[in-house]
$ cat input25.pdb   # PDB, C-alpha atoms
ATOM      1  CA  MET A1047      82.030  90.641 126.001  1.00  0.00           C
ATOM      2  CA  SER A1048      85.811  90.776 126.365  1.00  0.00           C
ATOM      3  CA  SER A1049      87.862  88.993 123.699  1.00  0.00           C
ATOM      4  CA  ASN A1050      91.178  87.219 124.078  1.00  0.00           C
ATOM      5  CA  ARG A1051      93.868  89.794 123.259  1.00  0.00           C
ATOM      6  CA  ALA A1052      95.731  87.343 121.012  1.00  0.00           C
ATOM      7  CA  ASN A1053      92.664  87.032 118.778  1.00  0.00           C
ATOM      8  CA  LEU A1054      92.072  90.759 118.322  1.00  0.00           C
ATOM      9  CA  ILE A1055      93.087  92.634 115.181  1.00  0.00           C
ATOM     10  CA  ARG A1056      95.365  95.635 115.670  1.00  0.00           C
ATOM     11  CA  LEU A1057      94.859  99.095 114.199  1.00  0.00           C
ATOM     12  CA  PHE A1058      97.271 102.004 113.965  1.00  0.00           C
ATOM     13  CA  VAL A1059      95.388 105.256 114.571  1.00  0.00           C
ATOM     14  CA  SER A1060      96.380 108.917 114.485  1.00  0.00           C
ATOM     15  CA  ALA A1061      94.005 110.067 117.219  1.00  0.00           C
ATOM     16  CA  PRO A1062      94.914 110.292 120.930  1.00  0.00           C
ATOM     17  CA  LEU A1063      93.940 107.204 122.915  1.00  0.00           C
ATOM     18  CA  GLU A1064      92.308 107.623 126.308  1.00  0.00           C
ATOM     19  CA  ALA A1065      89.439 105.918 128.075  1.00  0.00           C
ATOM     20  CA  ASP A1066      85.963 106.638 126.680  1.00  0.00           C
ATOM     21  CA  ALA A1067      87.193 109.183 124.108  1.00  0.00           C
ATOM     22  CA  GLN A1068      85.602 108.159 120.819  1.00  0.00           C
ATOM     23  CA  ILE A1069      87.924 108.015 117.816  1.00  0.00           C
ATOM     24  CA  ASP A1070      86.958 108.182 114.148  1.00  0.00           C
ATOM     25  CA  LEU A1071      88.557 105.663 111.803  1.00  0.00           C
ATOM     26  CA  PRO A1072      89.266 106.479 108.135  1.00  0.00           C
ATOM     27  CA  ALA A1073      87.526 104.921 105.152  1.00  0.00           C
ATOM     28  CA  GLU A1074      90.326 102.426 104.496  1.00  0.00           C
ATOM     29  CA  GLN A1075      90.046 100.997 107.997  1.00  0.00           C
ATOM     30  CA  ALA A1076      86.246 100.983 107.787  1.00  0.00           C
ATOM     31  CA  HIS A1077      86.499  98.925 104.582  1.00  0.00           C
ATOM     32  CA  TYR A1078      89.045  96.598 106.183  1.00  0.00           C
ATOM     33  CA  LEU A1079      86.910  96.048 109.279  1.00  0.00           C
ATOM     34  CA  ALA A1080      83.612  95.594 107.447  1.00  0.00           C
ATOM     35  CA  ASN A1081      84.551  93.809 104.234  1.00  0.00           C
ATOM     36  CA  VAL A1082      87.803  92.015 104.992  1.00  0.00           C
ATOM     37  CA  MET A1083      87.503  91.104 108.659  1.00  0.00           C
ATOM     38  CA  ARG A1084      83.661  91.048 108.743  1.00  0.00           C
ATOM     39  CA  LYS A1085      83.530  92.956 112.033  1.00  0.00           C
ATOM     40  CA  LYS A1086      80.335  94.365 113.471  1.00  0.00           C
ATOM     41  CA  ALA A1087      79.421  97.061 115.964  1.00  0.00           C
ATOM     42  CA  GLY A1088      80.162  95.806 119.464  1.00  0.00           C
ATOM     43  CA  ASP A1089      83.202  93.760 118.439  1.00  0.00           C
ATOM     44  CA  GLU A1090      86.602  94.600 119.918  1.00  0.00           C
ATOM     45  CA  ALA A1091      90.026  95.392 118.502  1.00  0.00           C
ATOM     46  CA  LEU A1092      93.369  96.745 119.660  1.00  0.00           C
ATOM     47  CA  ALA A1093      94.579 100.231 118.748  1.00  0.00           C
ATOM     48  CA  PHE A1094      97.914 102.037 119.071  1.00  0.00           C
ATOM     49  CA  ASN A1095      99.209 105.417 117.918  1.00  0.00           C
ATOM     50  CA  GLY A1096     102.918 105.338 118.808  1.00  0.00           C
ATOM     51  CA  THR A1097     102.403 107.545 121.860  1.00  0.00           C
ATOM     52  CA  ASP A1098      99.706 106.290 124.219  1.00  0.00           C
ATOM     53  CA  GLY A1099     100.443 102.577 124.332  1.00  0.00           C
ATOM     54  CA  GLU A1100      98.045  99.880 123.169  1.00  0.00           C
ATOM     55  CA  TRP A1101      94.336  99.976 123.975  1.00  0.00           C
ATOM     56  CA  ARG A1102      91.459  97.561 123.765  1.00  0.00           C
ATOM     57  CA  VAL A1103      88.745  99.397 121.846  1.00  0.00           C
ATOM     58  CA  ARG A1104      85.057  98.750 121.220  1.00  0.00           C
ATOM     59  CA  LEU A1105      83.913  99.183 117.646  1.00  0.00           C
ATOM     60  CA  ASP A1106      80.848 101.422 117.839  1.00  0.00           C
ATOM     61  CA  GLU A1107      80.027 101.981 114.174  1.00  0.00           C
ATOM     62  CA  ILE A1108      81.219 100.253 111.024  1.00  0.00           C
ATOM     63  CA  GLY A1109      80.026 101.646 107.722  1.00  0.00           C
ATOM     64  CA  LYS A1110      81.231 101.556 104.133  1.00  0.00           C
ATOM     65  CA  LYS A1111      83.199 104.786 104.411  1.00  0.00           C
ATOM     66  CA  ARG A1112      83.649 105.442 108.116  1.00  0.00           C
ATOM     67  CA  ALA A1113      83.889 103.700 111.420  1.00  0.00           C
ATOM     68  CA  SER A1114      84.317 104.730 115.031  1.00  0.00           C
ATOM     69  CA  ALA A1115      85.646 103.117 118.177  1.00  0.00           C
ATOM     70  CA  THR A1116      85.919 103.839 121.891  1.00  0.00           C
ATOM     71  CA  PRO A1117      89.031 102.971 123.956  1.00  0.00           C
ATOM     72  CA  VAL A1118      88.043 100.786 126.897  1.00  0.00           C
ATOM     73  CA  GLU A1119      91.287  99.911 128.671  1.00  0.00           C
ATOM     74  CA  ARG A1120      95.011 100.160 128.071  1.00  0.00           C
ATOM     75  CA  THR A1121      96.565  96.758 127.529  1.00  0.00           C
ATOM     76  CA  ARG A1122     100.220  97.821 127.218  1.00  0.00           C
ATOM     77  CA  LYS A1123     102.213 100.892 128.154  1.00  0.00           C
ATOM     78  CA  GLN A1124     104.051 102.751 125.413  1.00  0.00           C
ATOM     79  CA  THR A1125     107.521 101.499 124.551  1.00  0.00           C
ATOM     80  CA  SER A1126     109.903 102.600 121.841  1.00  0.00           C
ATOM     81  CA  GLY A1127     112.642 100.950 119.858  1.00  0.00           C
ATOM     82  CA  PRO A1128     116.269 102.019 119.536  1.00  0.00           C
ATOM     83  CA  ASP A1129     117.157 105.395 118.026  1.00  0.00           C
ATOM     84  CA  LEU A1130     118.125 103.881 114.684  1.00  0.00           C
ATOM     85  CA  HIS A1131     117.547 105.484 111.277  1.00  0.00           C
ATOM     86  CA  LEU A1132     117.704 103.626 107.975  1.00  0.00           C
ATOM     87  CA  LEU A1133     118.929 105.497 104.899  1.00  0.00           C
ATOM     88  CA  PHE A1134     118.634 103.653 101.606  1.00  0.00           C
ATOM     89  CA  ALA A1135     118.796 104.266  97.878  1.00  0.00           C
ATOM     90  CA  PRO A1136     115.314 103.804  96.321  1.00  0.00           C
ATOM     91  CA  LEU A1137     114.544 100.351  94.956  1.00  0.00           C
ATOM     92  CA  LYS A1138     112.013  98.855  92.604  1.00  0.00           C
ATOM     93  CA  ARG A1139     108.470  98.624  93.929  1.00  0.00           C
ATOM     94  CA  ALA A1140     108.366  95.077  95.334  1.00  0.00           C
ATOM     95  CA  ARG A1141     111.758  95.381  96.960  1.00  0.00           C
ATOM     96  CA  ILE A1142     111.089  98.740  98.573  1.00  0.00           C
ATOM     97  CA  ASP A1143     107.834  97.330  99.975  1.00  0.00           C
ATOM     98  CA  TYR A1144     109.827  94.467 101.477  1.00  0.00           C
ATOM     99  CA  LEU A1145     112.444  96.833 102.851  1.00  0.00           C
ATOM    100  CA  ALA A1146     109.853  99.064 104.567  1.00  0.00           C
ATOM    101  CA  GLN A1147     108.183  96.056 106.170  1.00  0.00           C
ATOM    102  CA  LYS A1148     111.379  94.414 107.381  1.00  0.00           C
ATOM    103  CA  ALA A1149     112.974  97.650 108.583  1.00  0.00           C
ATOM    104  CA  THR A1150     109.875  98.286 110.688  1.00  0.00           C
ATOM    105  CA  GLU A1151     109.996  94.781 112.137  1.00  0.00           C
ATOM    106  CA  MET A1152     113.701  95.273 112.901  1.00  0.00           C
ATOM    107  CA  GLY A1153     112.974  98.422 114.920  1.00  0.00           C
ATOM    108  CA  ALA A1154     113.851 101.348 112.633  1.00  0.00           C
ATOM    109  CA  ALA A1155     112.701 104.700 114.021  1.00  0.00           C
ATOM    110  CA  LEU A1156     112.992 106.548 110.689  1.00  0.00           C
ATOM    111  CA  LEU A1157     113.095 105.615 106.989  1.00  0.00           C
ATOM    112  CA  GLN A1158     114.952 108.031 104.692  1.00  0.00           C
ATOM    113  CA  PRO A1159     115.225 107.356 100.943  1.00  0.00           C
ATOM    114  CA  VAL A1160     118.441 108.904  99.605  1.00  0.00           C
ATOM    115  CA  VAL A1161     119.111 109.502  95.922  1.00  0.00           C
ATOM    116  CA  THR A1162     122.700 108.617  95.078  1.00  0.00           C
ATOM    117  CA  ARG A1163     124.585 109.161  91.851  1.00  0.00           C
ATOM    118  CA  ARG A1164     124.015 105.545  90.848  1.00  0.00           C
ATOM    119  CA  THR A1165     120.401 105.303  91.976  1.00  0.00           C
ATOM    120  CA  GLN A1166     118.253 103.769  89.235  1.00  0.00           C
ATOM    121  CA  ALA A1167     114.744 103.964  90.754  1.00  0.00           C
ATOM    122  CA  GLU A1168     114.421 107.568  91.923  1.00  0.00           C
ATOM    123  CA  ARG A1169     110.638 107.761  92.375  1.00  0.00           C
ATOM    124  CA  VAL A1170     109.406 106.833  95.825  1.00  0.00           C
ATOM    125  CA  LYS A1171     105.829 107.017  97.048  1.00  0.00           C
ATOM    126  CA  THR A1172     106.278 107.827 100.714  1.00  0.00           C
ATOM    127  CA  SER A1173     102.596 107.097 101.310  1.00  0.00           C
ATOM    128  CA  ARG A1174     103.214 103.528 100.154  1.00  0.00           C
ATOM    129  CA  LEU A1175     106.319 103.266 102.331  1.00  0.00           C
ATOM    130  CA  LEU A1176     104.282 104.378 105.335  1.00  0.00           C
ATOM    131  CA  ALA A1177     101.422 101.998 104.511  1.00  0.00           C
ATOM    132  CA  ASN A1178     103.838  99.066 104.441  1.00  0.00           C
ATOM    133  CA  ALA A1179     105.411 100.196 107.711  1.00  0.00           C
ATOM    134  CA  VAL A1180     101.994 100.511 109.378  1.00  0.00           C
ATOM    135  CA  GLU A1181     100.941  97.056 108.185  1.00  0.00           C
ATOM    136  CA  ALA A1182     104.139  95.523 109.545  1.00  0.00           C
ATOM    137  CA  ALA A1183     103.705  97.260 112.910  1.00  0.00           C
ATOM    138  CA  GLU A1184     100.083  96.113 113.166  1.00  0.00           C
ATOM    139  CA  GLN A1185     100.900  92.512 112.339  1.00  0.00           C
ATOM    140  CA  CYS A1186     104.079  92.238 114.418  1.00  0.00           C
ATOM    141  CA  ASN A1187     102.695  93.540 117.694  1.00  0.00           C
ATOM    142  CA  LEU A1188     104.756  96.742 117.647  1.00  0.00           C
ATOM    143  CA  LEU A1189     103.737  99.922 119.450  1.00  0.00           C
ATOM    144  CA  PHE A1190     105.397 102.402 117.084  1.00  0.00           C
ATOM    145  CA  VAL A1191     105.696 103.074 113.365  1.00  0.00           C
ATOM    146  CA  PRO A1192     108.849 104.597 111.876  1.00  0.00           C
ATOM    147  CA  GLN A1193     108.766 108.160 110.609  1.00  0.00           C
ATOM    148  CA  VAL A1194     108.987 108.272 106.798  1.00  0.00           C
ATOM    149  CA  GLU A1195     110.902 111.123 105.162  1.00  0.00           C
ATOM    150  CA  GLU A1196     110.692 112.413 101.608  1.00  0.00           C
ATOM    151  CA  PRO A1197     113.540 111.362  99.258  1.00  0.00           C
ATOM    152  CA  ALA A1198     116.590 113.629  99.288  1.00  0.00           C
ATOM    153  CA  LYS A1199     119.974 113.644  97.604  1.00  0.00           C
ATOM    154  CA  LEU A1200     122.613 111.828  99.612  1.00  0.00           C
ATOM    155  CA  GLU A1201     124.964 114.823  99.487  1.00  0.00           C
ATOM    156  CA  THR A1202     122.227 117.069 100.887  1.00  0.00           C
ATOM    157  CA  VAL A1203     121.478 114.664 103.736  1.00  0.00           C
ATOM    158  CA  LEU A1204     125.146 114.299 104.647  1.00  0.00           C
ATOM    159  CA  THR A1205     125.754 118.051 104.509  1.00  0.00           C
ATOM    160  CA  ARG A1206     123.060 118.567 107.163  1.00  0.00           C
ATOM    161  CA  TRP A1207     124.105 115.567 109.226  1.00  0.00           C
ATOM    162  CA  SER A1208     124.222 115.833 113.022  1.00  0.00           C
ATOM    163  CA  ARG A1209     127.694 115.263 114.451  1.00  0.00           C
ATOM    164  CA  GLU A1210     126.159 113.208 117.253  1.00  0.00           C
ATOM    165  CA  ARG A1211     124.472 110.585 115.066  1.00  0.00           C
ATOM    166  CA  GLN A1212     126.828 107.861 113.891  1.00  0.00           C
ATOM    167  CA  ILE A1213     126.538 106.314 110.421  1.00  0.00           C
ATOM    168  CA  LEU A1214     127.213 102.672 109.652  1.00  0.00           C
ATOM    169  CA  PHE A1215     127.622 102.535 105.895  1.00  0.00           C
ATOM    170  CA  CYS A1216     127.855  99.240 104.110  1.00  0.00           C
ATOM    171  CA  ASP A1217     130.614  99.473 101.515  1.00  0.00           C
ATOM    172  CA  GLU A1218     130.975  96.547  99.127  1.00  0.00           C
ATOM    173  CA  ALA A1219     134.233  98.063  97.851  1.00  0.00           C
ATOM    174  CA  LEU A1220     136.021  97.287 101.118  1.00  0.00           C
ATOM    175  CA  PRO A1221     138.532  94.437 100.714  1.00  0.00           C
ATOM    176  CA  GLY A1222     137.282  91.764 103.099  1.00  0.00           C
ATOM    177  CA  ALA A1223     140.731  90.531 104.129  1.00  0.00           C
ATOM    178  CA  ASP A1224     141.833  93.983 105.328  1.00  0.00           C
ATOM    179  CA  VAL A1225     138.913  94.820 107.613  1.00  0.00           C
ATOM    180  CA  PRO A1226     137.723  93.209 110.836  1.00  0.00           C
ATOM    181  CA  PRO A1227     134.425  91.324 110.953  1.00  0.00           C
ATOM    182  CA  PRO A1228     131.668  93.939 111.336  1.00  0.00           C
ATOM    183  CA  ALA A1229     130.499  92.666 114.736  1.00  0.00           C
ATOM    184  CA  ASP A1230     134.058  92.866 116.089  1.00  0.00           C
ATOM    185  CA  PHE A1231     134.418  96.353 114.653  1.00  0.00           C
ATOM    186  CA  LEU A1232     131.253  97.567 116.411  1.00  0.00           C
ATOM    187  CA  ARG A1233     132.231  95.962 119.721  1.00  0.00           C
ATOM    188  CA  GLY A1234     135.581  97.735 119.540  1.00  0.00           C
ATOM    189  CA  LEU A1235     134.156 101.241 119.252  1.00  0.00           C
ATOM    190  CA  PRO A1236     134.456 103.643 122.234  1.00  0.00           C
ATOM    191  CA  ASP A1237     131.548 103.503 124.670  1.00  0.00           C
ATOM    192  CA  GLY A1238     130.449 107.041 123.835  1.00  0.00           C
ATOM    193  CA  VAL A1239     130.156 106.128 120.163  1.00  0.00           C
ATOM    194  CA  LYS A1240     128.291 102.897 120.932  1.00  0.00           C
ATOM    195  CA  GLN A1241     125.714 104.750 123.020  1.00  0.00           C
ATOM    196  CA  ALA A1242     125.118 107.516 120.464  1.00  0.00           C
ATOM    197  CA  PRO A1243     122.124 107.588 118.100  1.00  0.00           C
ATOM    198  CA  TRP A1244     122.866 105.689 114.899  1.00  0.00           C
ATOM    199  CA  ALA A1245     121.907 105.399 111.250  1.00  0.00           C
ATOM    200  CA  ILE A1246     122.535 102.657 108.722  1.00  0.00           C
ATOM    201  CA  LEU A1247     123.202 103.663 105.114  1.00  0.00           C
ATOM    202  CA  ILE A1248     122.612 101.232 102.249  1.00  0.00           C
ATOM    203  CA  GLY A1249     123.752 102.227  98.770  1.00  0.00           C
ATOM    204  CA  PRO A1250     122.300 101.426  95.342  1.00  0.00           C
ATOM    205  CA  GLU A1251     123.080  98.581  92.975  1.00  0.00           C
ATOM    206  CA  GLY A1252     126.646  99.126  91.885  1.00  0.00           C
ATOM    207  CA  GLY A1253     127.635 100.712  95.189  1.00  0.00           C
ATOM    208  CA  PHE A1254     128.565 104.260  96.060  1.00  0.00           C
ATOM    209  CA  ASP A1255     130.126 106.659  93.594  1.00  0.00           C
ATOM    210  CA  PRO A1256     133.794 107.458  94.448  1.00  0.00           C
ATOM    211  CA  ALA A1257     132.865 111.047  95.332  1.00  0.00           C
ATOM    212  CA  GLU A1258     130.149 109.814  97.711  1.00  0.00           C
ATOM    213  CA  ARG A1259     132.512 107.331  99.304  1.00  0.00           C
ATOM    214  CA  LYS A1260     135.113 110.072  99.750  1.00  0.00           C
ATOM    215  CA  MET A1261     132.533 112.329 101.418  1.00  0.00           C
ATOM    216  CA  LEU A1262     131.570 109.557 103.842  1.00  0.00           C
ATOM    217  CA  GLN A1263     135.174 108.665 104.596  1.00  0.00           C
ATOM    218  CA  ALA A1264     135.842 112.293 105.528  1.00  0.00           C
ATOM    219  CA  MET A1265     133.152 112.235 108.222  1.00  0.00           C
ATOM    220  CA  GLU A1266     134.396 111.399 111.717  1.00  0.00           C
ATOM    221  CA  ASN A1267     131.078 109.834 112.654  1.00  0.00           C
ATOM    222  CA  ALA A1268     130.806 107.560 109.580  1.00  0.00           C
ATOM    223  CA  HIS A1269     132.033 103.967 109.850  1.00  0.00           C
ATOM    224  CA  ALA A1270     132.435 101.656 106.859  1.00  0.00           C
ATOM    225  CA  VAL A1271     131.853  97.917 107.161  1.00  0.00           C
ATOM    226  CA  ALA A1272     131.790  95.033 104.713  1.00  0.00           C
ATOM    227  CA  LEU A1273     128.905  92.584 104.994  1.00  0.00           C
ATOM    228  CA  GLY A1274     130.816  89.407 104.300  1.00  0.00           C
ATOM    229  CA  PRO A1275     132.340  87.968 101.127  1.00  0.00           C
ATOM    230  CA  ARG A1276     129.179  88.052  98.981  1.00  0.00           C
ATOM    231  CA  ILE A1277     127.514  91.010  97.298  1.00  0.00           C
ATOM    232  CA  MET A1278     123.926  91.332  98.533  1.00  0.00           C
ATOM    233  CA  ARG A1279     120.941  93.018  97.024  1.00  0.00           C
ATOM    234  CA  ALA A1280     120.180  96.302  98.743  1.00  0.00           C
ATOM    235  CA  ASP A1281     117.078  95.054 100.570  1.00  0.00           C
ATOM    236  CA  THR A1282     118.956  91.998 101.850  1.00  0.00           C
ATOM    237  CA  ALA A1283     121.876  94.173 102.925  1.00  0.00           C
ATOM    238  CA  ALA A1284     119.538  96.442 104.894  1.00  0.00           C
ATOM    239  CA  VAL A1285     118.113  93.530 106.889  1.00  0.00           C
ATOM    240  CA  ALA A1286     121.579  92.044 107.448  1.00  0.00           C
ATOM    241  CA  ALA A1287     123.038  95.363 108.609  1.00  0.00           C
ATOM    242  CA  MET A1288     120.134  96.067 110.956  1.00  0.00           C
ATOM    243  CA  ALA A1289     120.384  92.579 112.460  1.00  0.00           C
ATOM    244  CA  LEU A1290     124.115  93.087 112.952  1.00  0.00           C
ATOM    245  CA  TRP A1291     123.637  96.463 114.637  1.00  0.00           C
ATOM    246  CA  GLN A1292     120.752  95.257 116.796  1.00  0.00           C
ATOM    247  CA  SER A1293     122.720  92.256 118.053  1.00  0.00           C
ATOM    248  CA  VAL A1294     125.763  94.339 119.067  1.00  0.00           C
ATOM    249  CA  LEU A1295     124.485  97.835 119.894  1.00  0.00           C
ATOM    250  CA  GLY A1296     120.702  97.643 119.819  1.00  0.00           C
ATOM    251  CA  ASP A1297     117.961  96.090 121.915  1.00  0.00           C
ATOM    252  CA  TRP A1298     118.754  92.454 121.088  1.00  0.00           C
ATOM    253  CA  ARG A1299     121.559  92.389 123.646  1.00  0.00           C
TER     254      ARG A1299
END
$ encode --input "input25.pdb" --output "structure tokens"
Amino acid sequence: MSSNRANLIRLFVSAPLEADAQIDLPAEQAHYLANVMRKKAGDEALAFNGTDGEWRVRLDEIGKKRASATPVERTRKQTSGPDLHLLFAPLKRARIDYLAQKATEMGAALLQPVVTRRTQAERVKTSRLLANAVEAAEQCNLLFVPQVEEPAKLETVLTRWSRERQILFCDEALPGADVPPPADFLRGLPDGVKQAPWAILIGPEGGFDPAERKMLQAMENAHAVALGPRIMRADTAAVAAMALWQSVLGDWR
């Protein structure tokens, strides 16, 4: 019996999705289906893997440690978000969870923790970052999940940086009266720069070290902006910067 798509739970899977090709679901999803959602064999769900679009699937087996499903029909073709990376200094646990969720909802294609000289929370569990990103994608009707990279030193990341990818770095040290509003600044960039792949860089509490700021300022493809007259927490700044970029250069236009 076919269910209304709006009422179906969504699952992110790693397996290819094609008609009648059975897929095995991991223990965590089996537990979620059986014990949290109380699903039974024969029920339906939606599945996506970031490549093959979204599929209506039939749940064939639901056990304590494993489950399986069969794709029945594709409900949406694959789409992707903008080519936008988010680089951020690691935060405390609750705030980094929030950041991963909101960055996914805002359309980030890649999450890269960067360790700066003033970073206080250097340990990052990338598996937890990914789990939060997957949950956000499942709940927000997305068809892709951002790639999650292992933490790296900011200097190392910048040394390897592609000349094509632009960086929007949020610098709280910029004097607000001497710089244009960030939206005006982005609109005024050359068309070739606007259409390039981008990254947003959010620093730690206390901002960038002078040596880091100097390194960024020396890069032709790095652009400093100030996010208004108030100092924001890093997770708030990330959401604000992504919303700004999306509204001017991204897929909100």
$ closest_atom_pairs --input "input25.pdb" --of "region 1119-1205 of chain A" --to "region 1092-1109 of chain A" --cutoff "12 Å" --atoms "all atoms listed in the file" --output "tab-separated table"
residue	atom	partner	partner_atom	distance
A:Glu1119	CA	A:Arg1102	CA	5.4
A:Arg1120	CA	A:Trp1101	CA	4.2
A:Thr1121	CA	A:Trp1101	CA	5.3
A:Arg1122	CA	A:Glu1100	CA	5.0
A:Lys1123	CA	A:Gly1099	CA	4.5
A:Gln1124	CA	A:Gly1099	CA	3.8
A:Thr1125	CA	A:Gly1099	CA	7.2
A:Ser1126	CA	A:Gly1096	CA	8.1
A:Gly1127	CA	A:Gly1096	CA	10.7
A:Ala1155	CA	A:Gly1096	CA	10.9
A:Val1180	CA	A:Asn1095	CA	10.2
A:Ala1183	CA	A:Phe1094	CA	9.7
A:Glu1184	CA	A:Phe1094	CA	8.6
A:Gln1185	CA	A:Leu1092	CA	11.3
A:Asn1187	CA	A:Glu1100	CA	9.6
A:Leu1188	CA	A:Phe1094	CA	8.8
A:Leu1189	CA	A:Gly1096	CA	5.5
A:Phe1190	CA	A:Gly1096	CA	4.2
A:Val1191	CA	A:Gly1096	CA	6.5
A:Pro1192	CA	A:Gly1096	CA	9.2
A:Gln1193	CA	A:Gly1096	CA	10.5
$ atom_distance --input "input25.pdb" --atom1 "CA of Asp1255 (chain A)" --atom2 "CA of Leu1273 (chain A)"
18.2 Å
$ residues_around --input "input25.pdb" --residues "Leu1204 (chain A)" --least-positions-apart "3" --cutoff "10 Å" --atoms "all atoms listed in the file" --output "PDB file with C-alpha atoms, in the frame of the given file"
ATOM      1  CA  VAL A1160     118.441 108.904  99.605  1.00  0.00           C
ATOM      2  CA  LYS A1199     119.974 113.644  97.604  1.00  0.00           C
ATOM      3  CA  LEU A1200     122.613 111.828  99.612  1.00  0.00           C
ATOM      4  CA  GLU A1201     124.964 114.823  99.487  1.00  0.00           C
ATOM      5  CA  TRP A1207     124.105 115.567 109.226  1.00  0.00           C
ATOM      6  CA  SER A1208     124.222 115.833 113.022  1.00  0.00           C
ATOM      7  CA  ILE A1213     126.538 106.314 110.421  1.00  0.00           C
ATOM      8  CA  GLU A1258     130.149 109.814  97.711  1.00  0.00           C
ATOM      9  CA  MET A1261     132.533 112.329 101.418  1.00  0.00           C
ATOM     10  CA  LEU A1262     131.570 109.557 103.842  1.00  0.00           C
ATOM     11  CA  MET A1265     133.152 112.235 108.222  1.00  0.00           C
TER      12      MET A1265
END
$ resolve_selection --input "input25.pdb" --expression "the PyMOL selection byres ((chain A and resi 1172) around 9)" --output "list in words"
Pro1159, Val1170, Lys1171, Ser1173, Arg1174, Leu1175, Leu1176, Ala1177, Val1194, Glu1195, Glu1196 and Pro1197 of chain A
$ closest_residue --input "input25.pdb" --among "A:Gly1088, A:Val1118, A:Leu1079, A:Met1278" --to "Asp1066 (chain A)" --atoms "all atoms listed in the file"
A:Val1118
$ residues_around --input "input25.pdb" --residues "Ala1061 (chain A)" --least-positions-apart "5" --cutoff "9 Å" --atoms "only C-alpha atoms" --output "list in words"
Ile1069, Asp1070, Leu1071 and Asn1095 of chain A
$ write_last_selection --input "input25.pdb" --atoms "C-alpha atoms" --output "PDB file, keeping the file's coordinate frame"
ATOM      1  CA  ILE A1069      87.924 108.015 117.816  1.00  0.00           C
ATOM      2  CA  ASP A1070      86.958 108.182 114.148  1.00  0.00           C
ATOM      3  CA  LEU A1071      88.557 105.663 111.803  1.00  0.00           C
ATOM      4  CA  ASN A1095      99.209 105.417 117.918  1.00  0.00           C
TER       5      ASN A1095
END
$ axis_aligned_box --input "input25.pdb" --around "region 1115-1118 of chain A" --padding-each-side "8 Å" --output "JSON"
{"center_x": 87.3, "center_y": 102.3, "center_z": 122.5, "size_x": 19.4, "size_y": 19.1, "size_z": 24.7}
$ residues_around --input "input25.pdb" --residues "Gly1252 (chain A)" --least-positions-apart "3" --cutoff "10 Å" --atoms "only C-alpha atoms" --output "list in words"
Arg1164, Thr1165, Gln1166, Glu1218, Ala1219, Gly1249, Asp1255, Ile1277, Arg1279 and Ala1280 of chain A
$ resolve_selection --input "input25.pdb" --expression "the PyMOL selection byres ((chain A and resi 1154) around 7)" --output "PyMOL selection string"
chain A and resi 1130-1132+1149-1150+1152-1153+1155-1156+1192
$ resolve_selection --input "input25.pdb" --expression "the PyMOL selection byres ((chain A and resi 1282) around 10)" --output "PyMOL selection string"
chain A and resi 1141+1144-1145+1148+1248+1277-1281+1283-1287
$ closest_residue --input "input25.pdb" --among "A:Ala1289, A:Ala1091, A:Leu1235, A:Ala1179" --to "Ala1052 (chain A)" --atoms "all atoms listed in the file"
A:Ala1091
$ closest_residue --input "input25.pdb" --among "A:Pro1256, A:Pro1275, A:Pro1072, A:Pro1226" --to "Val1059 (chain A)" --atoms "all atoms listed in the file"
A:Pro1072
$ atom_distance --input "input25.pdb" --atom1 "CA of Asp1143 (chain A)" --atom2 "CA of Glu1181 (chain A)"
10.7 Å
$ atom_distance --input "input25.pdb" --atom1 "CA of Glu1210 (chain A)" --atom2 "CA of Thr1162 (chain A)"
22.9 Å
$ closest_residue --input "input25.pdb" --among "A:Asn1178, A:His1269, A:Arg1209, A:Pro1227" --to "Pro1243 (chain A)" --atoms "only C-alpha atoms"
A:Arg1209
$ closest_residue --input "input25.pdb" --among "A:Gln1241, A:Asn1050, A:Gln1158, A:Gln1147" --to "Ala1198 (chain A)" --atoms "only C-alpha atoms"
A:Gln1158
$ closest_residue --input "input25.pdb" --among "A:Phe1231, A:Phe1254, A:Phe1058, A:Phe1134" --to "Leu1290 (chain A)" --atoms "all atoms listed in the file"
A:Phe1231
$ residues_around --input "input25.pdb" --residues "Gly1238 (chain A)" --least-positions-apart "5" --cutoff "12 Å" --atoms "only C-alpha atoms" --output "ChimeraX atom specification"
/A:1210-1212,1233,1243-1244,1267,1295
$ residues_around --input "input25.pdb" --residues "Leu1232 (chain A)" --least-positions-apart "2" --cutoff "8 Å" --atoms "all atoms listed in the file" --output "list in words"
Pro1228, Ala1229, Asp1230, Gly1234, Leu1235, Lys1240, Trp1291, Val1294 and Leu1295 of chain A
$ decode --input "input25.pdb" --residues "region 1254-1269 of chain A" --atoms "C-alpha atoms" --output "compact mmCIF listing (two decimals), in the first residue's frame"
# COMPACT_ATOMS: atom_id res chain seq x y z
CA PHE A 1254 42.32 35.44 14.18
CA ASP A 1255 45.91 35.75 15.31
CA PRO A 1256 47.74 38.66 13.57
CA ALA A 1257 49.94 36.21 11.66
CA GLU A 1258 46.86 34.34 10.41
CA ARG A 1259 45.17 37.56 9.40
CA LYS A 1260 48.31 38.65 7.54
CA MET A 1261 48.43 35.32 5.68
CA LEU A 1262 44.80 35.71 4.62
CA GLN A 1263 45.25 39.33 3.59
CA ALA A 1264 48.13 38.28 1.32
CA MET A 1265 45.90 35.90 -0.64
CA GLU A 1266 44.34 37.38 -3.77
CA ASN A 1267 41.31 35.13 -3.47
CA ALA A 1268 40.56 35.92 0.20
CA HIS A 1269 38.02 38.63 1.00
